[in-house]
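The data block below is target.csv; it holds CSV, C-alpha atoms.
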chain,number,residue,atom,x,y,z
U,1,ARG,CA,-7.8,-8.7,-8.7
U,2,PRO,CA,-5.8,-11.6,-7.4
U,3,PRO,CA,-6.0,-12.4,-3.7
U,4,LEU,CA,-3.5,-10.5,-1.6
U,5,ARG,CA,-2.4,-13.6,0.2
U,6,SER,CA,-1.2,-15.2,-3.1
U,7,ASP,CA,2.1,-14.7,-5.0
U,8,ALA,CA,0.3,-13.3,-8.0
U,9,TYR,CA,1.7,-9.8,-7.6
U,10,VAL,CA,5.3,-11.0,-7.0
U,11,GLU,CA,5.0,-13.2,-10.2
U,12,TRP,CA,3.5,-10.3,-12.1
U,13,LEU,CA,6.3,-8.0,-11.1
U,14,ASP,CA,8.8,-10.7,-12.1
U,15,ASP,CA,7.1,-10.9,-15.5
U,16,VAL,CA,7.2,-7.1,-16.0
U,17,CYS,CA,10.9,-6.8,-14.9
U,18,GLY,CA,11.8,-9.7,-17.2
U,19,ALA,CA,10.0,-8.2,-20.2
U,20,LEU,CA,11.8,-4.9,-19.6
U,21,GLY,CA,15.2,-6.5,-19.0
U,22,VAL,CA,15.3,-5.0,-15.5
U,23,THR,CA,17.4,-7.1,-13.1
U,24,SER,CA,17.2,-4.8,-10.1
U,25,ALA,CA,15.0,-1.7,-9.3
U,26,SER,CA,14.3,0.8,-6.7
U,27,LEU,CA,10.6,0.6,-5.6
U,28,VAL,CA,8.6,3.7,-4.5
U,29,ALA,CA,5.1,3.0,-3.2
U,30,ILE,CA,2.3,4.0,-0.8
U,31,SER,CA,-0.3,2.1,1.2
U,32,LEU,CA,-1.3,-1.2,-0.4
U,33,GLY,CA,1.3,-0.7,-3.1
U,34,ALA,CA,4.0,-0.3,-0.4
U,35,SER,CA,2.9,-3.5,1.2
U,36,LEU,CA,3.2,-5.3,-2.2
U,37,ALA,CA,6.6,-3.7,-2.8
U,38,LEU,CA,7.7,-4.9,0.6
U,39,GLU,CA,6.5,-8.4,-0.1
U,40,TYR,CA,8.4,-8.3,-3.3
U,41,ALA,CA,11.6,-7.2,-1.5
U,42,VAL,CA,11.2,-10.1,1.0
U,43,LYS,CA,10.6,-12.7,-1.7
U,44,ARG,CA,13.0,-11.3,-4.3
U,45,PRO,CA,15.7,-9.4,-2.4
U,46,SER,CA,18.3,-9.6,-5.2
U,47,ARG,CA,15.8,-7.8,-7.5
U,48,VAL,CA,15.2,-4.8,-5.2
U,49,ALA,CA,17.9,-2.1,-5.0
U,50,SER,CA,16.0,0.0,-2.5
U,51,LEU,CA,12.6,0.7,-1.1
U,52,SER,CA,10.9,4.0,-0.4
U,53,LEU,CA,7.6,3.3,1.3
U,54,MET,CA,4.9,5.5,2.8
U,55,SER,CA,2.3,4.0,5.2
U,56,PRO,CA,2.6,0.3,4.0
U,57,ALA,CA,-0.7,-1.5,4.6
U,58,GLY,CA,-0.3,-4.5,7.0
U,59,ILE,CA,2.4,-3.0,9.1
U,60,GLY,CA,1.3,-2.4,12.7
U,61,ARG,CA,-2.1,-2.8,14.2
U,62,ARG,CA,-5.3,-2.3,12.3
U,63,LYS,CA,-7.7,0.4,13.4
U,64,GLN,CA,-11.1,-1.1,12.4
U,65,LEU,CA,-13.2,1.9,13.7
U,66,PHE,CA,-11.0,4.3,11.7
U,67,MET,CA,-11.4,2.2,8.6
U,68,ILE,CA,-15.2,2.4,8.9
U,69,LYS,CA,-15.2,6.2,9.5
U,70,ALA,CA,-12.7,6.7,6.6
U,71,GLY,CA,-14.9,4.6,4.3
U,72,VAL,CA,-17.9,6.8,5.0
U,73,MET,CA,-15.8,10.0,4.6
U,74,LEU,CA,-14.5,8.8,1.2
U,75,LEU,CA,-18.1,8.8,0.0
U,76,LEU,CA,-18.2,12.5,0.5
U,77,GLY,CA,-15.9,13.4,-2.4
U,78,ARG,CA,-12.9,15.7,-2.2
U,79,THR,CA,-13.9,17.1,1.2
U,80,GLY,CA,-14.4,13.6,2.7
U,81,ILE,CA,-11.1,12.5,1.2
U,82,ARG,CA,-9.2,15.4,2.7
U,83,LYS,CA,-10.9,14.8,6.1
U,84,ALA,CA,-10.0,11.0,6.0
U,85,PHE,CA,-6.4,11.7,5.0
U,86,SER,CA,-6.1,14.4,7.7
U,87,SER,CA,-7.5,12.0,10.3
U,88,ALA,CA,-5.1,9.3,9.2
U,89,GLY,CA,-2.1,11.6,9.5
U,90,GLY,CA,-2.9,12.6,13.0
U,91,LYS,CA,-0.6,15.5,14.1
U,92,THR,CA,1.8,14.9,11.2
U,93,SER,CA,2.0,17.8,8.8
U,94,VAL,CA,1.4,16.6,5.2
U,95,PRO,CA,3.0,18.6,2.3
U,96,PRO,CA,0.2,20.1,0.0
U,97,ALA,CA,1.6,18.2,-3.0
U,98,LEU,CA,1.3,14.9,-1.2
U,99,ALA,CA,-2.2,15.7,0.0
U,100,GLN,CA,-3.2,16.6,-3.6
U,101,TYR,CA,-1.7,13.3,-4.9
U,102,ILE,CA,-3.6,11.2,-2.3
U,103,THR,CA,-6.8,13.0,-3.2
U,104,LEU,CA,-6.3,12.2,-6.8
U,105,ILE,CA,-5.7,8.5,-6.0
U,106,PHE,CA,-8.9,8.2,-3.8
U,107,GLU,CA,-11.0,10.0,-6.5
U,108,ASN,CA,-10.0,7.4,-9.1
U,109,PHE,CA,-9.7,3.9,-7.5
U,110,ARG,CA,-11.9,1.1,-6.3
U,111,PRO,CA,-10.9,0.2,-2.7
U,112,ARG,CA,-10.3,-3.4,-1.9
U,113,ARG,CA,-12.6,-5.1,0.6
U,114,GLU,CA,-10.0,-7.7,1.5
U,115,ALA,CA,-7.8,-6.8,4.4
U,116,PRO,CA,-4.1,-6.9,3.6
U,117,PRO,CA,-2.2,-9.7,5.3
U,118,ILE,CA,-0.3,-8.7,8.4
U,119,ARG,CA,3.2,-10.2,8.7
U,120,SER,CA,4.2,-11.2,12.3
U,121,ASP,CA,7.6,-10.2,13.6
U,122,ALA,CA,8.7,-13.8,13.4
U,123,ALA,CA,7.9,-13.9,9.6
U,124,TRP,CA,10.4,-11.1,8.7
U,125,PRO,CA,13.7,-12.3,7.3
U,126,LYS,CA,16.7,-12.1,9.6
U,127,ASN,CA,19.9,-10.4,8.4
U,128,ALA,CA,22.7,-13.0,7.8

Would you mind writing the structure in this file as structure tokens?
Amino acid sequence: RPPLRSDAYVEWLDDVCGALGVTSASLVAISLGASLALEYAVKRPSRVASLSLMSPAGIGRRKQLFMIKAGVMLLLGRTGIRKAFSSAGGKTSVPPALAQYITLIFENFRPRREAPPIRSDAAWPKNA
């Protein structure tokens, strides 16, 4: 896994799009993937037609205590995953299909220990 603070993911997506002959694409992503998609859009705006992002990592303040609690909950299998996801959503109602999708993701991936970079307000590109 390349470091999150590198351009490796931007370059990888350039390579994939180039190999497929894609000059512009709509990106749909969640969590860390949403953060990487957003980074790609910032660095390659002409290659991104639109973004649909859910809970992009690195946007807003980090809740360290929640991350520790969620990490413990994730060790408890499906029940823990559902509790962690429910806690993250707060009072927001989550459609069952999305909850099932998130559960499937957390059952089958290795979480990163590296915190995603947080972009300051000043680092966002300004509209011309």

Test item: residues at most 6 Å from stretch 35-47 of chain U, all atoms listed in the file, excluding those fewer than 4 positions along its chain, as a CSV table (one decimal) with C-alpha atoms, in the frame of the given file:
chain,number,residue,atom,x,y,z
U,10,VAL,CA,5.3,-11.0,-7.0
U,23,THR,CA,17.4,-7.1,-13.1
U,24,SER,CA,17.2,-4.8,-10.1
U,56,PRO,CA,2.6,0.3,4.0
U,57,ALA,CA,-0.7,-1.5,4.6

Can you build me a table of stretch 10-101 of chain U residues sitting at most 12 Å from stretch 108-124 of chain U, with the closest atom pair per residue and its distance in Å to one decimal, using all atoms listed in the file, sorted by chain and residue number, as a Markdown table?
| residue | atom | partner | partner_atom | distance |
| --- | --- | --- | --- | --- |
| U:Ser31 | CA | U:Pro116 | CA | 10.1 |
| U:Leu32 | CA | U:Pro116 | CA | 7.5 |
| U:Gly33 | CA | U:Pro116 | CA | 10.6 |
| U:Ala34 | CA | U:Pro116 | CA | 11.2 |
| U:Ser35 | CA | U:Pro116 | CA | 8.1 |
| U:Leu36 | CA | U:Pro116 | CA | 9.5 |
| U:Leu38 | CA | U:Trp124 | CA | 10.6 |
| U:Glu39 | CA | U:Arg119 | CA | 9.6 |
| U:Ala41 | CA | U:Trp124 | CA | 11.0 |
| U:Val42 | CA | U:Trp124 | CA | 7.8 |
| U:Lys43 | CA | U:Trp124 | CA | 10.5 |
| U:Pro56 | CA | U:Pro116 | CA | 9.8 |
| U:Ala57 | CA | U:Pro116 | CA | 6.5 |
| U:Gly58 | CA | U:Ile118 | CA | 4.4 |
| U:Ile59 | CA | U:Ile118 | CA | 6.3 |
| U:Gly60 | CA | U:Ile118 | CA | 7.8 |
| U:Arg61 | CA | U:Ile118 | CA | 8.5 |
| U:Arg62 | CA | U:Ile118 | CA | 9.0 |
| U:Lys63 | CA | U:Ala115 | CA | 11.5 |
| U:Gln64 | CA | U:Ala115 | CA | 10.4 |
| U:Met67 | CA | U:Ala115 | CA | 10.6 |
| U:Ile68 | CA | U:Arg113 | CA | 11.5 |
| U:Ala70 | CA | U:Pro111 | CA | 11.5 |
| U:Gly71 | CA | U:Pro111 | CA | 9.2 |
| U:Leu74 | CA | U:Pro111 | CA | 10.1 |
| U:Leu75 | CA | U:Pro111 | CA | 11.5 |
| U:Gly77 | CA | U:Asn108 | CA | 10.8 |
| U:Arg78 | CA | U:Asn108 | CA | 11.2 |
| U:Ile81 | CA | U:Asn108 | CA | 11.5 |
| U:Tyr101 | CA | U:Asn108 | CA | 11.0 |

Enter the distance from atom CA of U:Ile30 to atom CA of U:Ser52, in Å, rounded to one decimal.
->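 Atom CA of U:Ile30 sits 8.6 Å away from atom CA of U:Ser52.
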
What does the distance from atom CA of U:Pro95 to atom CA of U:Val72 come to in Å, to one decimal?
->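 If I compute the distance from atom CA of U:Pro95 to atom CA of U:Val72, I get 24.2 Å.
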
Of the candidates U:Thr103, U:Pro3, U:Ala29, U:Met54, which shows the shortest atom-to-atom distance to U:Leu76, using only C-alpha atoms?
->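 Residue with the minimum atom-to-atom distance to U:Leu76: U:Thr103.
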
Take atom CA of U:Ser93 and atom CA of U:Ile105 and report the distance between them in Å, one decimal.
->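 Those two atoms sit 19.1 Å apart.
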
Closest of U:Leu104, U:Lys83, U:Leu65, U:Leu13 to U:Leu27 - atom-to-atom distances counting all atoms listed in the file | U:Leu13

For each of U:Ala8, U:Leu51, U:Ile102, U:Ser87, take the minimum atom-to-atom distance to U:Lys69, counting only C-alpha atoms, then give the residue where this is smallest.
->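 Closest residue, counting only C-alpha atoms: U:Ser87.
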